[in-house]
Amino acid sequence: MWIVSKVIRLAALYPNHLNLNGDLANLSVLQKRLEWYGIEAEVVNVEKQTDLTKFDLVLLGHGSRDAWAQLEEIDPVLIPSVAALVASGAKVMAVSSGYEILIEAIEGLVVKHAERVSEFKDHEGIVGYVNSEAELEPIRWIQNSLFTLFHGPLFAKNPDLADKFLGSLIAGLEPKNEHFTKISELAEASRKTAFED
Amino acid sequence: MRYLPALLVGRLVRFAVRLVRPGGGSALPGLVVSKLAPKLVYKTLNSFENGLVVVTGTAGKSTTTKMLVAIVRAHGLKVFTNPSTANIEQGFFSTIVRQANLFGKVPGSIAILEMDEGHAAQVVENVKPKTSVILNVFEDQLDRFIDPALVREKLLDVAYATYGTLILNADDQNCLLIADEVKSDALFFGLGKDLEARVGSGMAYAPTYQASLPKPKTVCSAVNLEERQLELELHGVKANVELPSRGVHFALDALAALTAAKEILGDSFDLKLASETLNSLPPVFSRGEIKEVNGEPCEFILVQNPVSMQLNIDNLSLDQEQVFFAIGRDVHDPSWMWTVDFKKLKRVHTVSGFNYADAALLLAYNDVPVECVEQEYFQAIDSFFALGRPSNGIKTVIYSADAMRRMRRYLGFTDPEDVDRV
C-alpha cells in the first residue's frame, strides 16, 4: 500500500521545448488518474539543470529540431542525467525524439532512419500516433522506464498502460468505480476510431 | 484550344457532383482536370497582367486574402482569387474549372491567392509571385508538417521565389529569420510598441529556439485596439478600421492586407477607401458567426489548430450553458488538442463528431463537465437544437472543419463552406 500523505511529484522536463505534440498530456492523465484513486500528485515544470532524483517520475517529451539544439546548449547534462535515472530503476517516460536521443545515449548506438511513418499504429493492443523516421520498437521497457514512439496523449488512449506504468510506483491501483469504466470505454472507442476510415 | 477537352470534362464532372450533392464543394473536378492538363494551372496563373500575389503562413490566410481582395477590388481592379477551402494545387484547378472560359483564360488583371503553407513552395517553383505575404508560423498540423522549422523552410522558398515585394510579420521571429536569410528589402507590419506592451502579442508563434532578432521598422502598425476598433498607421498616415471580429489576430490580418494593397496599388491606393472597405466586410464566417436555428440564435465557432482553439476558448463568455463540441475526421491526429488550456471552458453540453471519444477524454481529463457524449453526429445535432433557449448565454457550437461542413449541410445552410470569396 502507498503512503497516503505523500504527494507524488511528476516532472515535466523543459515543457516549453518538449511538448510539440501534447506529450505533457501524459502527466496530466497520470495526475488525474492518481487523483481519482485518491492520491495527491503534482506536476513540476523543470526549466533548468536540476537534481532529477527528487522526482517520482520524469517525462522527456518530443521536441522540434531547433528545440533540441537549444536544449543541448542550455542543459548539456540533461540526457546523461536522465539516462542515469533509467539505469537506477527510476521511472522515466521518453517520447519520440526524446526516446531516440535517450536510447542512443544509453546504448551507445546511432538509431537508423527509414521512411517517415505518420499514422496510428497498434502495438500489442497499445494504440498511438507515430510520426517518426526512427527504426525503433514502438514501445520498449527498460527497467521501470517506458520508451515510446507514440506521441501525444498515449495514456489517455491506453489507460491500462498508464496504470501499468504507475504500478511499480504505487501498488494496488484498482479501478473501482463507474467513472473509471466510463473513461475506459471512451479510450476503447478512441483506439477503435484511430483505424476507421 | 489545347485545354478545351480537359476543361469540358472538368465542367461536366462539376455539374454531376452538384446534382448529387447540392451546395457541396468538391475537389473532384479539379482532380480530373489536373490529370488531363497538368500544366493548365501554371499557364493560367502566369497570365495575369499585374502578376500573382501569394498570401501564406499558418494562420489568417483566409481573412487576410479576403480583406486584400476586397480592398483591391474597391480600387477598380479585376481580381482572380480562390475560395479559402481550395488553397492547395488541386483547389486552384477546381477554381480555374469554375471560372475559366474554354480557352483556359480566367477573368481578372491580378491573381491574389491564399496558399497552404505546405503547398506554396511547390507552386512557386512554377509561378513566381510578384508579391508574397507571409503571415506567421505556428505549431500546427504536425502530422503533416512534422516540425515548424520545416514549414519555415518552405516559406523561405516562397520568399526566394518572390521577384517583387516580400511582406512579413515583424512580431514573428520565424518571419524575421526568413528576412534575415533572403536579405532582401522586405516590408514589415506589426503591433505598435504601446499596444504590444499593453496586450502582448497574444499570438503563440512557433518558438525558434534561437537568439531573438531585433524587431524591424514597420511600414504598417497597430497603434491601438479596443474590441473591434483598430487604430493604425500606414506609411506614417493614421486611419481607423472596424474589424470584422475582435481579436489581435484580425488586427494583424488587416495590417498585412493594407500593407499589401498599398504595395500593389502604388499611388492609386486610397487609405480612406481601403478603411471603408474593411469596415463594410461582413463578420468572418464561422469564426464567431451567429445564425438562427429553430428560431434560436446560435454562435458557430470554427477551431482548426491549437492557436484558434485556444483563442476561441479564451474568448468564450463564461458560464455558457449549452456548448456543443464536435471534432470531425479532419483532425487526423488529435494530439494537438492536448496542448490547449481548457480552464475557461466551464462546461460542455454535448460532445460528438468522428473524434468524439478523443474529445470526451480530453474534456474528462481537463475536468470539464460534459452532459452528453453522442457518437451519432446528426442525432447529437438534433438533440442539441431541441434543447430550447439556454438560461445562460447563447447556444454555442465549437467545431472542426469537417464537423462544420457536415453540420452546415445538415442544417440546410446554403453553402456548407460559406467562406467563398469568388
# chains A, B, ... in the order shown; residues from 1 in each chain; ligands from 1
call {"tool": "closest_atom_pairs", "arguments": {"of": "chain A", "to": "chain B", "cutoff": "10 Å", "atoms": "only C-alpha atoms", "output": "tab-separated table"}}
result
residue	atom	partner	partner_atom	distance
A:Asn16	CA	B:Pro207	CA	8.8
A:His17	CA	B:Tyr209	CA	8.3
A:Asn19	CA	B:Thr339	CA	7.8
A:Leu20	CA	B:Glu139	CA	7.5
A:Asn21	CA	B:Trp336	CA	5.5
A:Gly22	CA	B:Thr339	CA	4.9
A:Asp23	CA	B:Ser335	CA	8.0
A:Leu24	CA	B:Thr339	CA	8.0
A:Ala25	CA	B:Trp338	CA	6.0
A:Asn26	CA	B:Trp338	CA	9.4
A:Ser28	CA	B:Tyr365	CA	7.3
A:Val29	CA	B:Tyr365	CA	6.2
A:Leu30	CA	B:Tyr365	CA	9.5
A:Gln31	CA	B:Tyr365	CA	9.3
A:Lys32	CA	B:Tyr365	CA	6.4
A:Arg33	CA	B:Tyr365	CA	8.4
A:Gly63	CA	B:Asp147	CA	8.5
A:Ser64	CA	B:Asp147	CA	5.6
A:Arg65	CA	B:Asp147	CA	7.2
A:Asp66	CA	B:Tyr209	CA	5.7
A:Ala67	CA	B:Tyr209	CA	5.6
A:Trp68	CA	B:Tyr209	CA	8.7
A:Ala69	CA	B:Tyr209	CA	7.9
A:Gln70	CA	B:Tyr209	CA	5.9
A:Leu71	CA	B:Tyr209	CA	8.7
A:Arg116	CA	B:Ile146	CA	9.9
A:Val117	CA	B:Asp143	CA	9.7
A:Ser118	CA	B:Asp143	CA	6.3
A:Glu119	CA	B:Asp143	CA	7.9
A:Phe120	CA	B:Asp333	CA	8.1
A:Gly128	CA	B:Asp333	CA	9.4
A:Tyr129	CA	B:Asp333	CA	6.9
A:Val130	CA	B:Asp143	CA	8.8
A:Asn131	CA	B:Asp143	CA	6.6
A:Ser132	CA	B:Ile146	CA	8.4
A:His151	CA	B:Ser335	CA	7.6
A:Gly152	CA	B:Ser335	CA	4.8
A:Pro153	CA	B:Ser335	CA	6.2
A:Leu154	CA	B:Ser335	CA	8.9
A:Ala156	CA	B:Leu361	CA	6.8
A:Lys157	CA	B:Asp358	CA	7.8
A:His179	CA	B:Ala364	CA	9.8
A:Lys182	CA	B:Leu361	CA	9.7
A:Ile183	CA	B:Leu361	CA	6.9
A:Ser184	CA	B:Leu361	CA	9.4
A:Glu185	CA	B:Ala357	CA	8.8
A:Leu186	CA	B:Ala357	CA	5.2
A:Ala187	CA	B:Ala357	CA	6.8
A:Glu188	CA	B:Ala357	CA	8.4
A:Ala189	CA	B:Ala357	CA	5.9
A:Ser190	CA	B:Ala357	CA	5.0
A:Arg191	CA	B:Ala357	CA	8.8
A:Lys192	CA	B:Ala357	CA	9.5
A:Thr193	CA	B:Asn355	CA	7.0
A:Ala194	CA	B:Asp333	CA	8.6
A:Glu196	CA	B:Phe354	CA	9.4
A:Asp197	CA	B:Arg329	CA	8.7
call {"tool": "select_by_dssp", "arguments": {"residues": "range 76-308 of chain B", "states": "strand (DSSP E or B)", "output": "MDAnalysis selection string"}}
result
chainID B and resid 79:81 110:114 131:134 165:169 187:191 220:226 229:234 237:242 287:293 296:302
call {"tool": "write_last_selection", "arguments": {"atoms": "C-alpha atoms", "output": "JSON list (two decimals), in the first residue's frame"}}
result
[["chain", "number", "residue", "atom", "x", "y", "z"],
["B", 79, "VAL", "CA", -9.16, 40.13, -59.19],
["B", 80, "PHE", "CA", -8.92, 36.38, -59.64],
["B", 81, "THR", "CA", -8.93, 34.58, -56.29],
["B", 110, "ILE", "CA", -4.28, 40.27, -60.98],
["B", 111, "ALA", "CA", -4.36, 36.97, -59.09],
["B", 112, "ILE", "CA", -4.48, 37.11, -55.30],
["B", 113, "LEU", "CA", -4.30, 33.62, -53.91],
["B", 114, "GLU", "CA", -4.33, 32.14, -50.49],
["B", 131, "THR", "CA", 4.22, 39.98, -54.07],
["B", 132, "SER", "CA", 4.18, 37.50, -51.19],
["B", 133, "VAL", "CA", 2.64, 37.99, -47.78],
["B", 134, "ILE", "CA", 4.00, 35.60, -45.15],
["B", 165, "THR", "CA", 7.95, 42.67, -52.67],
["B", 166, "LEU", "CA", 8.05, 40.46, -49.64],
["B", 167, "ILE", "CA", 5.66, 41.41, -46.81],
["B", 168, "LEU", "CA", 6.35, 39.93, -43.38],
["B", 169, "ASN", "CA", 5.07, 39.95, -39.81],
["B", 187, "LEU", "CA", 8.18, 45.37, -45.77],
["B", 188, "PHE", "CA", 7.01, 44.65, -42.25],
["B", 189, "PHE", "CA", 3.72, 45.02, -40.42],
["B", 190, "GLY", "CA", 3.19, 44.53, -36.71],
["B", 191, "LEU", "CA", 1.83, 45.74, -33.42],
["B", 220, "CYS", "CA", 2.16, 49.44, -41.07],
["B", 221, "SER", "CA", 1.46, 49.17, -37.35],
["B", 222, "ALA", "CA", -1.42, 48.87, -34.91],
["B", 223, "VAL", "CA", -1.45, 51.91, -32.65],
["B", 224, "ASN", "CA", -4.43, 50.88, -30.55],
["B", 225, "LEU", "CA", -7.06, 48.19, -30.41],
["B", 226, "GLU", "CA", -10.30, 48.35, -28.42],
["B", 229, "GLN", "CA", -11.84, 49.25, -33.26],
["B", 230, "LEU", "CA", -8.33, 49.31, -34.70],
["B", 231, "GLU", "CA", -6.29, 52.48, -34.90],
["B", 232, "LEU", "CA", -3.41, 52.01, -37.30],
["B", 233, "GLU", "CA", -0.66, 53.82, -39.11],
["B", 234, "LEU", "CA", 0.37, 53.05, -42.69],
["B", 237, "VAL", "CA", -0.68, 58.12, -42.08],
["B", 238, "LYS", "CA", -3.23, 57.24, -39.40],
["B", 239, "ALA", "CA", -6.54, 55.52, -40.03],
["B", 240, "ASN", "CA", -9.32, 53.80, -38.07],
["B", 241, "VAL", "CA", -10.82, 50.48, -39.03],
["B", 242, "GLU", "CA", -13.63, 48.41, -37.61],
["B", 287, "ARG", "CA", -15.34, 32.32, -36.60],
["B", 288, "GLY", "CA", -17.86, 33.87, -34.29],
["B", 289, "GLU", "CA", -20.77, 33.79, -36.71],
["B", 290, "ILE", "CA", -24.26, 33.93, -35.18],
["B", 291, "LYS", "CA", -27.13, 32.27, -37.04],
["B", 292, "GLU", "CA", -30.63, 31.27, -36.07],
["B", 293, "VAL", "CA", -31.53, 27.60, -35.85],
["B", 296, "GLU", "CA", -32.88, 30.39, -31.60],
["B", 297, "PRO", "CA", -29.63, 32.29, -32.07],
["B", 298, "CYS", "CA", -26.53, 30.11, -32.03],
["B", 299, "GLU", "CA", -22.88, 31.08, -32.27],
["B", 300, "PHE", "CA", -20.74, 28.90, -34.54],
["B", 301, "ILE", "CA", -17.00, 28.83, -33.88],
["B", 302, "LEU", "CA", -14.51, 27.07, -36.13]]
call {"tool": "atom_distance", "arguments": {"atom1": "CA of Leu36 in chain B", "atom2": "CA of Ala6 in chain B"}}
result
5.6 Å
call {"tool": "select_by_dssp", "arguments": {"residues": "range 123-191 of chain A", "states": "alpha helix (DSSP H)", "output": "MDAnalysis selection string"}}
result
chainID A and resid 154:157 159:167 178:191
call {"tool": "write_last_selection", "arguments": {"atoms": "N, CA and C atoms", "output": "mmCIF file, in the first residue's frame"}}
result
data_model
loop_
_atom_site.group_PDB
_atom_site.id
_atom_site.type_symbol
_atom_site.label_atom_id
_atom_site.label_comp_id
_atom_site.auth_asym_id
_atom_site.auth_seq_id
_atom_site.Cartn_x
_atom_site.Cartn_y
_atom_site.Cartn_z
ATOM 1 N N LEU A 154 -0.827 9.440 -25.093
ATOM 2 C CA LEU A 154 -0.834 7.972 -25.157
ATOM 3 C C LEU A 154 -1.590 7.345 -23.979
ATOM 4 N N PHE A 155 -1.388 7.909 -22.786
ATOM 5 C CA PHE A 155 -2.033 7.335 -21.594
ATOM 6 C C PHE A 155 -3.553 7.560 -21.594
ATOM 7 N N ALA A 156 -3.998 8.628 -22.252
ATOM 8 C CA ALA A 156 -5.454 8.847 -22.321
ATOM 9 C C ALA A 156 -6.092 7.764 -23.184
ATOM 10 N N LYS A 157 -5.418 7.414 -24.251
ATOM 11 C CA LYS A 157 -5.932 6.394 -25.175
ATOM 12 C C LYS A 157 -5.773 4.989 -24.608
ATOM 13 N N PRO A 159 -5.483 3.598 -21.003
ATOM 14 C CA PRO A 159 -5.431 3.758 -19.544
ATOM 15 C C PRO A 159 -4.777 2.574 -18.829
ATOM 16 N N ASP A 160 -4.854 1.369 -19.412
ATOM 17 C CA ASP A 160 -4.214 0.219 -18.762
ATOM 18 C C ASP A 160 -2.706 0.397 -18.742
ATOM 19 N N LEU A 161 -2.183 0.974 -19.832
ATOM 20 C CA LEU A 161 -0.746 1.242 -19.889
ATOM 21 C C LEU A 161 -0.357 2.286 -18.830
ATOM 22 N N ALA A 162 -1.218 3.291 -18.682
ATOM 23 C CA ALA A 162 -0.969 4.322 -17.668
ATOM 24 C C ALA A 162 -0.873 3.680 -16.289
ATOM 25 N N ASP A 163 -1.826 2.798 -15.993
ATOM 26 C CA ASP A 163 -1.839 2.176 -14.664
ATOM 27 C C ASP A 163 -0.682 1.200 -14.488
ATOM 28 N N LYS A 164 -0.298 0.555 -15.590
ATOM 29 C CA LYS A 164 0.861 -0.341 -15.518
ATOM 30 C C LYS A 164 2.109 0.468 -15.192
ATOM 31 N N PHE A 165 2.227 1.615 -15.823
ATOM 32 C CA PHE A 165 3.377 2.485 -15.586
ATOM 33 C C PHE A 165 3.403 2.974 -14.141
ATOM 34 N N LEU A 166 2.227 3.330 -13.628
ATOM 35 C CA LEU A 166 2.139 3.779 -12.238
ATOM 36 C C LEU A 166 2.346 2.618 -11.266
ATOM 37 N N GLY A 167 2.059 1.394 -11.761
ATOM 38 C CA GLY A 167 2.044 0.215 -10.901
ATOM 39 C C GLY A 167 3.301 -0.006 -10.076
ATOM 40 N N GLU A 178 -17.614 3.673 -11.384
ATOM 41 C CA GLU A 178 -18.205 3.890 -12.708
ATOM 42 C C GLU A 178 -17.389 4.847 -13.557
ATOM 43 N N HIS A 179 -16.786 5.822 -12.896
ATOM 44 C CA HIS A 179 -16.031 6.827 -13.617
ATOM 45 C C HIS A 179 -14.897 6.175 -14.417
ATOM 46 N N PHE A 180 -14.173 5.256 -13.768
ATOM 47 C CA PHE A 180 -13.090 4.550 -14.451
ATOM 48 C C PHE A 180 -13.629 3.745 -15.637
ATOM 49 N N THR A 181 -14.785 3.130 -15.435
ATOM 50 C CA THR A 181 -15.383 2.334 -16.507
ATOM 51 C C THR A 181 -15.713 3.221 -17.698
ATOM 52 N N LYS A 182 -16.287 4.381 -17.406
ATOM 53 C CA LYS A 182 -16.666 5.310 -18.471
ATOM 54 C C LYS A 182 -15.423 5.760 -19.251
ATOM 55 N N ILE A 183 -14.373 6.093 -18.515
ATOM 56 C CA ILE A 183 -13.125 6.555 -19.154
ATOM 57 C C ILE A 183 -12.524 5.421 -19.992
ATOM 58 N N SER A 184 -12.573 4.193 -19.474
ATOM 59 C CA SER A 184 -12.028 3.058 -20.226
ATOM 60 C C SER A 184 -12.810 2.815 -21.501
ATOM 61 N N GLU A 185 -14.129 3.000 -21.435
ATOM 62 C CA GLU A 185 -14.954 2.817 -22.640
ATOM 63 C C GLU A 185 -14.633 3.859 -23.698
ATOM 64 N N LEU A 186 -14.465 5.097 -23.247
ATOM 65 C CA LEU A 186 -14.112 6.160 -24.196
ATOM 66 C C LEU A 186 -12.744 5.880 -24.830
ATOM 67 N N ALA A 187 -11.811 5.409 -24.002
ATOM 68 C CA ALA A 187 -10.466 5.115 -24.509
ATOM 69 C C ALA A 187 -10.528 3.998 -25.548
ATOM 70 N N GLU A 188 -11.374 3.010 -25.276
ATOM 71 C CA GLU A 188 -11.521 1.906 -26.230
ATOM 72 C C GLU A 188 -12.113 2.420 -27.549
ATOM 73 N N ALA A 189 -13.105 3.302 -27.435
ATOM 74 C CA ALA A 189 -13.709 3.886 -28.639
ATOM 75 C C ALA A 189 -12.673 4.718 -29.392
ATOM 76 N N SER A 190 -11.850 5.428 -28.646
ATOM 77 C CA SER A 190 -10.814 6.260 -29.266
ATOM 78 C C SER A 190 -9.791 5.396 -30.006
ATOM 79 N N ARG A 191 -9.429 4.253 -29.433
ATOM 80 C CA ARG A 191 -8.469 3.352 -30.100
ATOM 81 C C ARG A 191 -9.083 2.779 -31.378
#
call {"tool": "closest_residue", "arguments": {"among": "B:Ala37, B:Ile394, B:Met309, B:Ala256", "to": "Lys61 in chain B", "atoms": "only C-alpha atoms"}}
result
B:Ala256
call {"tool": "closest_residue", "arguments": {"among": "B:Val55, B:Ala186, B:Gln322, B:Val33", "to": "Met67 in chain B", "atoms": "only C-alpha atoms"}}
result
B:Val55
call {"tool": "residues_around", "arguments": {"residues": "Gln379 in chain B", "least_positions_apart": "2", "cutoff": "12 Å", "atoms": "only C-alpha atoms", "output": "list in words"}}
result
Thr350, Val351, Ser352, Gly353, Cys372, Val373, Glu374, Gln375, Glu376, Tyr377, Ile381, Asp382, Ser383, Phe384, Phe385, Ala386, Met407 and Tyr410 of chain B
call {"tool": "write_last_selection", "arguments": {"atoms": "N, CA and C atoms", "output": "PDB file, in the first residue's frame"}}
result
ATOM      1  N   THR B 350     -22.814  18.895 -25.127  1.00  0.00           N
ATOM      2  CA  THR B 350     -22.747  17.716 -25.996  1.00  0.00           C
ATOM      3  C   THR B 350     -21.388  17.602 -26.666  1.00  0.00           C
ATOM      4  N   VAL B 351     -20.840  16.391 -26.662  1.00  0.00           N
ATOM      5  CA  VAL B 351     -19.614  16.096 -27.398  1.00  0.00           C
ATOM      6  C   VAL B 351     -19.976  15.116 -28.511  1.00  0.00           C
ATOM      7  N   SER B 352     -19.520  15.413 -29.728  1.00  0.00           N
ATOM      8  CA  SER B 352     -19.805  14.498 -30.822  1.00  0.00           C
ATOM      9  C   SER B 352     -18.756  14.651 -31.922  1.00  0.00           C
ATOM     10  N   GLY B 353     -19.068  14.137 -33.111  1.00  0.00           N
ATOM     11  CA  GLY B 353     -18.127  14.172 -34.229  1.00  0.00           C
ATOM     12  C   GLY B 353     -17.342  12.878 -34.313  1.00  0.00           C
ATOM     13  N   CYS B 372     -23.531  15.147 -22.191  1.00  0.00           N
ATOM     14  CA  CYS B 372     -23.924  14.092 -23.116  1.00  0.00           C
ATOM     15  C   CYS B 372     -22.811  13.809 -24.145  1.00  0.00           C
ATOM     16  N   VAL B 373     -22.425  12.543 -24.267  1.00  0.00           N
ATOM     17  CA  VAL B 373     -21.469  12.150 -25.300  1.00  0.00           C
ATOM     18  C   VAL B 373     -22.249  11.341 -26.324  1.00  0.00           C
ATOM     19  N   GLU B 374     -22.346  11.848 -27.534  1.00  0.00           N
ATOM     20  CA  GLU B 374     -23.191  11.195 -28.547  1.00  0.00           C
ATOM     21  C   GLU B 374     -22.369  10.899 -29.795  1.00  0.00           C
ATOM     22  N   GLN B 375     -22.252   9.601 -30.070  1.00  0.00           N
ATOM     23  CA  GLN B 375     -21.467   9.161 -31.205  1.00  0.00           C
ATOM     24  C   GLN B 375     -22.118   9.538 -32.544  1.00  0.00           C
ATOM     25  N   GLU B 376     -23.466   9.410 -32.591  1.00  0.00           N
ATOM     26  CA  GLU B 376     -24.191   9.696 -33.840  1.00  0.00           C
ATOM     27  C   GLU B 376     -24.313  11.205 -34.011  1.00  0.00           C
ATOM     28  N   TYR B 377     -23.616  11.721 -35.009  1.00  0.00           N
ATOM     29  CA  TYR B 377     -23.475  13.173 -35.143  1.00  0.00           C
ATOM     30  C   TYR B 377     -24.813  13.880 -35.369  1.00  0.00           C
ATOM     31  N   ILE B 381     -26.823  16.609 -33.091  1.00  0.00           N
ATOM     32  CA  ILE B 381     -27.248  17.937 -33.563  1.00  0.00           C
ATOM     33  C   ILE B 381     -28.741  18.139 -33.261  1.00  0.00           C
ATOM     34  N   ASP B 382     -29.549  17.127 -33.606  1.00  0.00           N
ATOM     35  CA  ASP B 382     -30.996  17.221 -33.357  1.00  0.00           C
ATOM     36  C   ASP B 382     -31.289  17.470 -31.881  1.00  0.00           C
ATOM     37  N   SER B 383     -30.671  16.668 -31.017  1.00  0.00           N
ATOM     38  CA  SER B 383     -30.952  16.798 -29.578  1.00  0.00           C
ATOM     39  C   SER B 383     -30.505  18.164 -29.074  1.00  0.00           C
ATOM     40  N   PHE B 384     -29.350  18.615 -29.545  1.00  0.00           N
ATOM     41  CA  PHE B 384     -28.812  19.889 -29.056  1.00  0.00           C
ATOM     42  C   PHE B 384     -29.727  21.053 -29.425  1.00  0.00           C
ATOM     43  N   PHE B 385     -30.218  21.046 -30.671  1.00  0.00           N
ATOM     44  CA  PHE B 385     -31.051  22.178 -31.096  1.00  0.00           C
ATOM     45  C   PHE B 385     -32.500  22.042 -30.618  1.00  0.00           C
ATOM     46  N   ALA B 386     -32.814  20.881 -30.020  1.00  0.00           N
ATOM     47  CA  ALA B 386     -34.147  20.719 -29.427  1.00  0.00           C
ATOM     48  C   ALA B 386     -34.162  21.156 -27.966  1.00  0.00           C
ATOM     49  N   MET B 407     -22.345  19.715 -40.330  1.00  0.00           N
ATOM     50  CA  MET B 407     -23.458  20.346 -39.620  1.00  0.00           C
ATOM     51  C   MET B 407     -24.158  21.375 -40.499  1.00  0.00           C
ATOM     52  N   TYR B 410     -26.266  19.697 -42.965  1.00  0.00           N
ATOM     53  CA  TYR B 410     -27.419  19.075 -42.293  1.00  0.00           C
ATOM     54  C   TYR B 410     -28.463  20.114 -41.904  1.00  0.00           C
TER      55      TYR B 410
END
call {"tool": "atom_distance", "arguments": {"atom1": "CA of Ala11 in chain A", "atom2": "CA of Gln49 in chain A"}}
result
12.6 Å
call {"tool": "decode", "arguments": {"residues": "range 241-285 of chain B", "atoms": "C-alpha atoms", "output": "short mmCIF file (atom, residue, chain, number, x, y, z; two decimals), in the first residue's frame"}}
result
data_model
loop_
_atom_site.label_atom_id
_atom_site.label_comp_id
_atom_site.auth_asym_id
_atom_site.auth_seq_id
_atom_site.Cartn_x
_atom_site.Cartn_y
_atom_site.Cartn_z
CA VAL B 241 -10.82 50.48 -39.03
CA GLU B 242 -13.63 48.41 -37.61
CA LEU B 243 -12.51 44.78 -37.74
CA PRO B 244 -14.90 42.02 -38.85
CA SER B 245 -14.40 40.31 -35.47
CA ARG B 246 -12.46 41.10 -32.34
CA GLY B 247 -9.01 39.72 -31.71
CA VAL B 248 -5.38 40.73 -32.16
CA HIS B 249 -5.05 38.21 -34.99
CA PHE B 250 -7.71 40.04 -37.03
CA ALA B 251 -5.85 43.31 -36.47
CA LEU B 252 -2.65 41.73 -37.81
CA ASP B 253 -4.53 40.36 -40.82
CA ALA B 254 -5.84 43.86 -41.57
CA LEU B 255 -2.33 45.33 -41.30
CA ALA B 256 -0.98 42.67 -43.67
CA ALA B 257 -3.79 43.32 -46.16
CA LEU B 258 -3.31 47.10 -46.07
CA THR B 259 0.48 46.80 -46.50
CA ALA B 260 -0.01 44.52 -49.49
CA ALA B 261 -2.76 46.67 -51.02
CA LYS B 262 -0.60 49.79 -50.82
CA GLU B 263 2.26 47.89 -52.45
CA ILE B 264 0.07 46.51 -55.24
CA LEU B 265 -1.82 49.71 -55.98
CA GLY B 266 1.01 52.21 -55.52
CA ASP B 267 -0.04 55.82 -55.93
CA SER B 268 -3.64 54.96 -56.69
CA PHE B 269 -4.03 53.46 -53.20
CA ASP B 270 -6.55 55.39 -51.14
CA LEU B 271 -6.33 54.67 -47.40
CA LYS B 272 -9.78 56.13 -46.76
CA LEU B 273 -11.35 53.86 -49.37
CA ALA B 274 -9.35 50.90 -48.04
CA SER B 275 -10.52 51.55 -44.47
CA GLU B 276 -14.13 51.92 -45.56
CA THR B 277 -13.86 48.65 -47.45
CA LEU B 278 -12.58 46.87 -44.34
CA ASN B 279 -15.36 48.44 -42.26
CA SER B 280 -18.00 47.04 -44.56
CA LEU B 281 -16.74 43.44 -44.57
CA PRO B 282 -19.24 41.03 -43.03
CA PRO B 283 -18.17 39.19 -39.86
CA VAL B 284 -15.70 36.48 -40.70
CA PHE B 285 -17.70 33.37 -41.38
#
